[in-house]
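Trainee: Shown below is the structure under consideration.
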Amino acid sequence: MNILYISPENTVGTLGLYKRIHEQHGNTVRYVTFFRSPKAFEEDICLDLPFNFTRPFLKKIRHRIYQLYRGKEGYHKNREGYPPIWQPEGRFDSTFLAWKEKQWHKRIQVAIKEYDLYNFDVVHFESGMDFYKDARFAKELKKRGVKVICHYHGEDLRSRGVLPPLNEISDLNLTNEVDLLKKHPNIHYIFLPFDVGAFQKRYPKIDNESDLPLVTHAPTNRYYKGSSDIIPICRKLEQEGNIRFELIENKSHEEAMEMKRKSDIFIDQINDRGGWGYGMNSVESLAMGVCTLTEMNDSYCKFIPDHPFVNVNKSNLYASLLELVSDPPSCQEKGRIGAQWVKKYHDIASVGESLYNYYAKLGL
C-alpha cells in the first residue's frame, strides 16, 4: 500500500515513527506538513505555508481575536457538540480564512501535482485537517476510492471542532487522548507511538549530599499545562533548598531531551486544561526512567488502571514533591516501572499492531 499523512506540523515527531511502522509492514509512506516543526523534527514534504498559528506571536493574536467572540477564555474555550463542529467565528474570521486559503492555494496545487498526492491507498489527516476547510482534497480522494482516516489531538476537538465535510467521509477516526473519546460518537483510541529503544536512560545520580534532585517541567503551552501553578511551587521548594528546578522551554527537541535525561523528577501537567493525563512529554520522560508526575483524573485512572504516574494536582503537588525527594530509592523505582510501562504500551511494535488491527477492519 501507498500511505500518505497530512499534518499541520510534525509536532512531536510521530510522523517519522508512523513511517517506520508502515515500512516494517512492507508499505510505502510519505508525509506532508503545512509548517516546519519548531522542534526540528525531520520533514518529508513541507509546504512552508504562511500564517502558522502555532507560533507564539500569531497564537497570541488569534487568542485576542477569539476573545471578541468567545469571551475571556478566547481560543481556549471548549466548543460544544457531539462532535463539536468547526465554523468561522464571525465576518472577520470568515474573510481572513478565505483570503488565507487563496494565499495557500498555489503551493498546495503544485505539491499535489509534483508528488502525485491523489495516488495513495490510505490518507491520514492528522488533526482532522484538509488543506482546505471545505475538504475538497479529501472529497476527491474519496471519489477515487481512497480510505480516509482522521486522527484528532487536543485542541482539534476541544477548541476547533471537526470539519463537517471531512467528518462525513472519514472511514476511521483515531485519538491518543481519552477525553476526546467523549467528544465524538465514532472515534477510537490508540497509544502514541514511541521508539523506546532509541532513548538513553537518565544519567546516574551523583552520590553527593550537596547534589540536590533536579525537577523539570516542559510546557509547550503554559496555560494548558497549568504552569502558573507548577512553577511557583517548584520555585518555593528550590528556595527552601529541597530541589533544583529547570524550566524546559523554547528548546530544540535534542536540547529538551538532554535536559529531561538529567532529571530526577519530571512534571507534565495539572488542572486538565489541555486534555487529561499525559502526552508525549511524559512518554519521553518515562522512557528515560525518570519519575513522572501528572494529574490523572478518575476517568483516566479507570481507562488505564496500571499507569505508572505519580498522580498530582494543585493541592498536593508541593507535598508529593517533598515526599519523593526525601525517598530517592522510591523515586528511582517509580522511574524504572515507568520505563517498562512505556515499552509495553507505546513502543512502535505495540502501536503498529493496534493500527494494523484497525486497518484490517477497513479491509486493508
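In the C-alpha cells, the first chain shown is A, the next is B, and so on; residue numbers restart at 1 for each chain, and ligands run from 1 in the order shown.
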Applying 8 Å and only C-alpha atoms, which residues near Tyr118 in chain A remain after dropping the ones on its own chain fewer than 5 positions away? List them as a PDB file with C-alpha atoms, in the first residue's frame.

Mentor:
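around.pdb written:
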```pdb
ATOM      1  CA  ILE A 112      -0.441  17.759  -5.324  1.00  0.00           C
ATOM      2  CA  GLU A 140     -11.552  13.973  -4.349  1.00  0.00           C
ATOM      3  CA  LEU A 141      -9.631  11.156  -2.644  1.00  0.00           C
TER       4      LEU A 141
END
```

Trainee: Fewer than 6 positions away in the same chain doesn't count, so skip those; otherwise give me all residues within 9 Å of Asn271 in chain A, counting only C-alpha atoms, as a list in words.

Mentor: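 Using only C-alpha atoms, the neighbours found are Tyr224, Lys225, Gly226, Glu295, Asn313 and Lys314 of chain A.
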
Trainee: Restricting the calculation to only C-alpha atoms, which member of A:Pro308, A:Gly161, A:Pro219, A:Gly197 is positioned closest to Thr292 in chain A?

Mentor: A:Pro308

Trainee: Would you kindly return, as a PyMOL selection string, each protein, DNA or RNA residue with an atom no farther than 12 Å from any atom of Asp195 in chain A, considering only C-alpha atoms and excluding same-chain residues fewer than 4 positions away?

Mentor: chain A and resi 13-14+16-18+20-21+199-200+280+283-284+287-288+339+342-352

Trainee: For the atom pair CA of Lys39 in chain A and CA of His253 in chain A, what is the interatomic distance in Å to one decimal place?

Mentor: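 We find that CA of Lys39 in chain A and CA of His253 in chain A lie 4.9 Å from each other.
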
Trainee: Determine which residues of range 101-165 of chain A receive a DSSP assignment of strand (DSSP E), computed from the backbone, and state them as a list of chain:residue names.

Mentor: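 Filtering range 101-165 of chain A down to strand (DSSP E) leaves A:Val122, A:Val123, A:His124, A:Phe125, A:Glu126, A:Lys147, A:Val148, A:Ile149, A:Cys150, A:His151, A:Tyr152.
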
Trainee: CA of Leu212 in chain A and CA of Asn242 in chain A are how many Å apart?

Mentor: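 CA of Leu212 in chain A sits 6.8 Å away from CA of Asn242 in chain A.
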
Trainee: Determine which residues of range 85-307 of chain A receive a DSSP assignment of helix (DSSP H, G or I), computed from the backbone, and state them as JSON, numbers by chain.

Mentor: {"A": [91, 92, 93, 94, 95, 96, 97, 98, 99, 100, 101, 102, 103, 104, 105, 106, 107, 108, 109, 110, 111, 112, 113, 114, 136, 137, 138, 139, 140, 141, 142, 143, 154, 155, 156, 157, 158, 159, 160, 164, 165, 166, 167, 168, 169, 178, 179, 180, 181, 182, 196, 197, 198, 222, 223, 224, 225, 227, 228, 229, 230, 231, 232, 233, 234, 235, 236, 237, 238, 239, 253, 254, 255, 256, 257, 258, 259, 260, 261, 280, 281, 282, 283, 284, 285, 286, 287, 298, 299, 300, 301, 302, 303]}

Trainee: Output the selection as a PDB file, in the first residue's frame - C-alpha atoms for each residue.

Mentor:
```
ATOM      1  CA  ARG A  91     -17.238  38.047   9.458  1.00  0.00           C
ATOM      2  CA  PHE A  92     -13.577  38.862  10.130  1.00  0.00           C
ATOM      3  CA  ASP A  93     -12.688  35.220  10.742  1.00  0.00           C
ATOM      4  CA  SER A  94     -14.542  34.092   7.618  1.00  0.00           C
ATOM      5  CA  THR A  95     -12.950  36.773   5.428  1.00  0.00           C
ATOM      6  CA  PHE A  96      -9.440  36.100   6.746  1.00  0.00           C
ATOM      7  CA  LEU A  97      -9.731  32.321   6.265  1.00  0.00           C
ATOM      8  CA  ALA A  98     -10.905  32.732   2.675  1.00  0.00           C
ATOM      9  CA  TRP A  99      -8.014  35.103   1.949  1.00  0.00           C
ATOM     10  CA  LYS A 100      -5.521  32.766   3.664  1.00  0.00           C
ATOM     11  CA  GLU A 101      -6.613  29.785   1.577  1.00  0.00           C
ATOM     12  CA  LYS A 102      -6.079  31.857  -1.581  1.00  0.00           C
ATOM     13  CA  GLN A 103      -2.502  32.528  -0.425  1.00  0.00           C
ATOM     14  CA  TRP A 104      -2.011  28.804   0.181  1.00  0.00           C
ATOM     15  CA  HIS A 105      -3.715  27.541  -2.979  1.00  0.00           C
ATOM     16  CA  LYS A 106      -0.848  27.712  -5.472  1.00  0.00           C
ATOM     17  CA  ARG A 107       1.669  25.909  -3.228  1.00  0.00           C
ATOM     18  CA  ILE A 108      -0.868  23.220  -2.425  1.00  0.00           C
ATOM     19  CA  GLN A 109      -1.736  22.583  -6.063  1.00  0.00           C
ATOM     20  CA  VAL A 110       1.952  22.452  -7.049  1.00  0.00           C
ATOM     21  CA  ALA A 111       2.581  19.846  -4.310  1.00  0.00           C
ATOM     22  CA  ILE A 112      -0.441  17.759  -5.324  1.00  0.00           C
ATOM     23  CA  LYS A 113       0.851  17.585  -8.888  1.00  0.00           C
ATOM     24  CA  GLU A 114       4.570  17.243  -8.118  1.00  0.00           C
ATOM     25  CA  ARG A 136     -12.042  19.424  -1.348  1.00  0.00           C
ATOM     26  CA  PHE A 137      -8.824  17.376  -1.387  1.00  0.00           C
ATOM     27  CA  ALA A 138     -10.273  14.664   0.862  1.00  0.00           C
ATOM     28  CA  LYS A 139     -13.510  14.555  -1.146  1.00  0.00           C
ATOM     29  CA  GLU A 140     -11.552  13.973  -4.349  1.00  0.00           C
ATOM     30  CA  LEU A 141      -9.631  11.156  -2.644  1.00  0.00           C
ATOM     31  CA  LYS A 142     -12.902   9.576  -1.573  1.00  0.00           C
ATOM     32  CA  LYS A 143     -14.202   9.672  -5.144  1.00  0.00           C
ATOM     33  CA  GLY A 154      -6.068  18.053  21.944  1.00  0.00           C
ATOM     34  CA  GLU A 155      -7.345  21.359  20.583  1.00  0.00           C
ATOM     35  CA  ASP A 156      -8.687  19.736  17.413  1.00  0.00           C
ATOM     36  CA  LEU A 157     -11.949  18.722  19.065  1.00  0.00           C
ATOM     37  CA  ARG A 158     -11.850  20.871  22.185  1.00  0.00           C
ATOM     38  CA  SER A 159     -11.339  24.317  20.668  1.00  0.00           C
ATOM     39  CA  ARG A 160     -11.820  23.879  16.921  1.00  0.00           C
ATOM     40  CA  PRO A 164     -18.133  18.648   8.642  1.00  0.00           C
ATOM     41  CA  PRO A 165     -17.360  17.592   5.033  1.00  0.00           C
ATOM     42  CA  LEU A 166     -14.243  15.695   6.170  1.00  0.00           C
ATOM     43  CA  ASN A 167     -16.019  14.133   9.141  1.00  0.00           C
ATOM     44  CA  GLU A 168     -18.785  12.867   6.866  1.00  0.00           C
ATOM     45  CA  ILE A 169     -16.420  10.893   4.622  1.00  0.00           C
ATOM     46  CA  VAL A 178      -9.023   9.740  26.450  1.00  0.00           C
ATOM     47  CA  ASP A 179     -11.162  12.851  26.935  1.00  0.00           C
ATOM     48  CA  LEU A 180     -11.712  13.103  23.176  1.00  0.00           C
ATOM     49  CA  LEU A 181     -13.461   9.715  23.246  1.00  0.00           C
ATOM     50  CA  LYS A 182     -16.346  11.575  24.893  1.00  0.00           C
ATOM     51  CA  VAL A 196      11.723   3.173  23.266  1.00  0.00           C
ATOM     52  CA  GLY A 197      14.985   1.542  22.180  1.00  0.00           C
ATOM     53  CA  ALA A 198      16.343   4.811  20.802  1.00  0.00           C
ATOM     54  CA  ARG A 222       1.785  27.253  29.843  1.00  0.00           C
ATOM     55  CA  TYR A 223      -1.974  27.715  30.054  1.00  0.00           C
ATOM     56  CA  TYR A 224      -2.799  24.144  29.095  1.00  0.00           C
ATOM     57  CA  LYS A 225      -0.072  22.627  31.280  1.00  0.00           C
ATOM     58  CA  SER A 227       2.398  26.058  34.593  1.00  0.00           C
ATOM     59  CA  SER A 228       1.157  29.095  36.528  1.00  0.00           C
ATOM     60  CA  ASP A 229       0.625  26.716  39.462  1.00  0.00           C
ATOM     61  CA  ILE A 230       3.520  24.316  38.853  1.00  0.00           C
ATOM     62  CA  ILE A 231       6.302  26.896  38.538  1.00  0.00           C
ATOM     63  CA  PRO A 232       5.693  28.807  41.823  1.00  0.00           C
ATOM     64  CA  ILE A 233       5.500  25.553  43.787  1.00  0.00           C
ATOM     65  CA  CYS A 234       8.797  24.345  42.312  1.00  0.00           C
ATOM     66  CA  ARG A 235      10.448  27.737  42.877  1.00  0.00           C
ATOM     67  CA  LYS A 236       9.361  27.626  46.508  1.00  0.00           C
ATOM     68  CA  LEU A 237      10.897  24.175  47.009  1.00  0.00           C
ATOM     69  CA  GLU A 238      14.040  25.389  45.287  1.00  0.00           C
ATOM     70  CA  GLN A 239      14.298  28.433  47.557  1.00  0.00           C
ATOM     71  CA  HIS A 253      13.929  18.632  20.766  1.00  0.00           C
ATOM     72  CA  GLU A 254      17.533  17.479  21.180  1.00  0.00           C
ATOM     73  CA  GLU A 255      18.228  20.104  23.857  1.00  0.00           C
ATOM     74  CA  ALA A 256      14.975  19.317  25.648  1.00  0.00           C
ATOM     75  CA  MET A 257      15.770  15.591  25.719  1.00  0.00           C
ATOM     76  CA  GLU A 258      19.203  16.254  27.178  1.00  0.00           C
ATOM     77  CA  MET A 259      17.660  18.279  29.997  1.00  0.00           C
ATOM     78  CA  LYS A 260      14.983  15.651  30.645  1.00  0.00           C
ATOM     79  CA  ARG A 261      17.554  12.877  30.736  1.00  0.00           C
ATOM     80  CA  MET A 280       4.483  12.816  24.515  1.00  0.00           C
ATOM     81  CA  ASN A 281       6.255  14.872  27.175  1.00  0.00           C
ATOM     82  CA  SER A 282       5.510  12.151  29.702  1.00  0.00           C
ATOM     83  CA  VAL A 283       6.187   9.276  27.321  1.00  0.00           C
ATOM     84  CA  GLU A 284       9.692  10.645  26.748  1.00  0.00           C
ATOM     85  CA  SER A 285      10.483  11.107  30.434  1.00  0.00           C
ATOM     86  CA  LEU A 286       9.108   7.691  31.388  1.00  0.00           C
ATOM     87  CA  ALA A 287      11.133   6.012  28.630  1.00  0.00           C
ATOM     88  CA  ASP A 298     -10.821   9.265  37.841  1.00  0.00           C
ATOM     89  CA  SER A 299     -11.884   8.587  34.239  1.00  0.00           C
ATOM     90  CA  TYR A 300      -8.274   8.264  33.082  1.00  0.00           C
ATOM     91  CA  CYS A 301      -7.357   6.039  36.016  1.00  0.00           C
ATOM     92  CA  LYS A 302     -10.242   3.720  35.129  1.00  0.00           C
ATOM     93  CA  PHE A 303      -9.216   3.689  31.460  1.00  0.00           C
TER      94      PHE A 303
END
```

Trainee: So that I can see what lies close to Val325 in chain A, please list as a PyMOL selection string the residues with an atom at most 8 Å from it, counting only C-alpha atoms and leaving out residues fewer than 4 positions away in the same chain.

Mentor: chain A and resi 213+242-243+321+331

Trainee: Any chance you could export the current selection's N, CA and C atoms as a short mmCIF file (atom, residue, chain, number, x, y, z; two decimals), in the first residue's frame?

Mentor:
```
data_model
loop_
_atom_site.label_atom_id
_atom_site.label_comp_id
_atom_site.auth_asym_id
_atom_site.auth_seq_id
_atom_site.Cartn_x
_atom_site.Cartn_y
_atom_site.Cartn_z
N PRO A 213 18.21 16.94 44.06
CA PRO A 213 17.48 16.33 42.94
C PRO A 213 16.97 17.40 41.98
N ASN A 242 15.34 22.32 48.76
CA ASN A 242 14.95 20.91 48.64
C ASN A 242 15.22 20.34 47.25
N ILE A 243 15.20 21.18 46.23
CA ILE A 243 15.37 20.70 44.85
C ILE A 243 16.13 21.75 44.04
N LEU A 321 6.08 16.29 45.90
CA LEU A 321 7.48 16.51 45.55
C LEU A 321 8.38 16.35 46.77
N CYS A 331 11.66 6.96 44.45
CA CYS A 331 11.59 7.80 43.24
C CYS A 331 12.21 7.08 42.05
#
```

Trainee: Please indicate the distance in Å from CA of Asp121 in chain A to CA of Lys147 in chain A, rounded to one decimal place.

Mentor: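 Between CA of Asp121 in chain A and CA of Lys147 in chain A the gap works out to 6.3 Å.
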
Trainee: Any idea what's packed within 6 Å of Phe245 in chain A, counting only C-alpha atoms, ignoring anything in its chain fewer than 6 positions away? Could you give it as a PyMOL selection string?

Mentor: chain A and resi 214-216

Trainee: With C-alpha atoms retained, export the selected residues as a compact mmCIF listing (two decimals), in the first residue's frame.

Mentor:
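And here is the file that came out, out_32.txt:
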```
# COMPACT_ATOMS: atom_id res chain seq x y z
CA LEU A 214 16.62 18.02 39.65
CA VAL A 215 12.95 18.65 38.89
CA THR A 216 11.96 19.77 35.37
```

Trainee: Give me the residues within 8 Å of Gly277 in chain A as a list in words, counting only C-alpha atoms and dropping any in the same chain fewer than 4 places off.

Mentor: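 Once the adjacent positions are removed, what remains is Gln269, Asp272, Thr294, Glu295, Met296, Asn297 and Tyr300 of chain A.
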
Trainee: Any idea what's packed within 12 Å of Ile187 in chain A, counting only C-alpha atoms, ignoring anything in its chain fewer than 2 positions away? Could you give it as a PyMOL selection string?

Mentor: chain A and resi 82-83+128+149-153+157+162+167+170-185+189-190+358
